[in-house]
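Written out below as C-alpha cells is the structure these notes cover.
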Amino acid sequence: MSSKILLALGVVLAISALGSAQKCNVCAYWTTQPKEQQKCTSATVTCPAGTSYCFTSSFTFLNGTEAVKRNCGNPDFCGANACTRFIAALKLTSCSISCYNTSGNSATGVMVTKFTLSLMVIVGLILA
C-alpha cells in the first residue's frame with residue numbers, strides 16, 4: 001500500500017511540473033526598418049529556465065532611432081533600476097520596460113486540469 005502512495009505522489013509531482021513553462025510574445029524592430037516591418041505579431045516562444053518574466057521594451061538611441069522588443073526576461077532585466085543601467089550602458093535618451101509573469105493562459109483552468117488528472121491517477125492506483 002505504501003508503494004502505491006509513493007507512486008501516486010511521484011505521478012502528482014510529475015503532472016504538476018507539466019505545462020508550467022512561461023510563454024511570451026516575441027518580436028523586435030527598429031524605426032530604421034521599413035514601415036511594413038515595424039510591427040509585432042502574436043508569435044510566442046516558450047521561455048527557457050531562469051526567465052520567469054515576459055517583457056516589452058522600448059529604447060530611443062542618441063541618433064533618434066527607436067527600438068521595440070518583446071521576449072522572455074529574467075528578474076534583473078525587469079528590476080526597478082533596469083532602465084537606468086541600460087541608459088548608461090547603451091547611451092540611450094529614453095527607456096521603457098514593462099514586465100509581467102503570466103503567459104496569458106488561464107491559470108485556474110490549468111490548475112483544475114492538473115488537479116483532476118492527479119485525482120484520477122491516485123484513485124486508479126489505489127483501486128488497482
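To be explicit about the labels: the chains of the C-alpha cells are called A, B, and onward in the order shown, and within each one the residues are counted from 1, while ligands get numbers from 1 in the order they are shown.
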
*asked:* If we count only C-alpha atoms and set the cut-off at 8 Å, which residues sit around region 60-72 of chain A, ignoring sequence neighbours fewer than 6 positions away in its own chain? Please answer as a ChimeraX atom specification.
replied: /A:23-32,45,47,51-54,90-95

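Close contacts of Cys78 (chain A), defined as residues with an atom at most 10 Å away when counting only C-alpha atoms, with chain neighbours fewer than 4 positions off set aside, comprise A:Ser52, A:Tyr53, A:Cys54, A:Phe55, A:Thr56, A:Ser57, A:Gly73, A:Asn74, A:Ala82, A:Cys83, A:Ile97, A:Ser98, A:Cys99, A:Tyr100.
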
*CA of Lys39 (chain A) and CA of Asp76 (chain A), how far apart in Å?*
26.2 Å
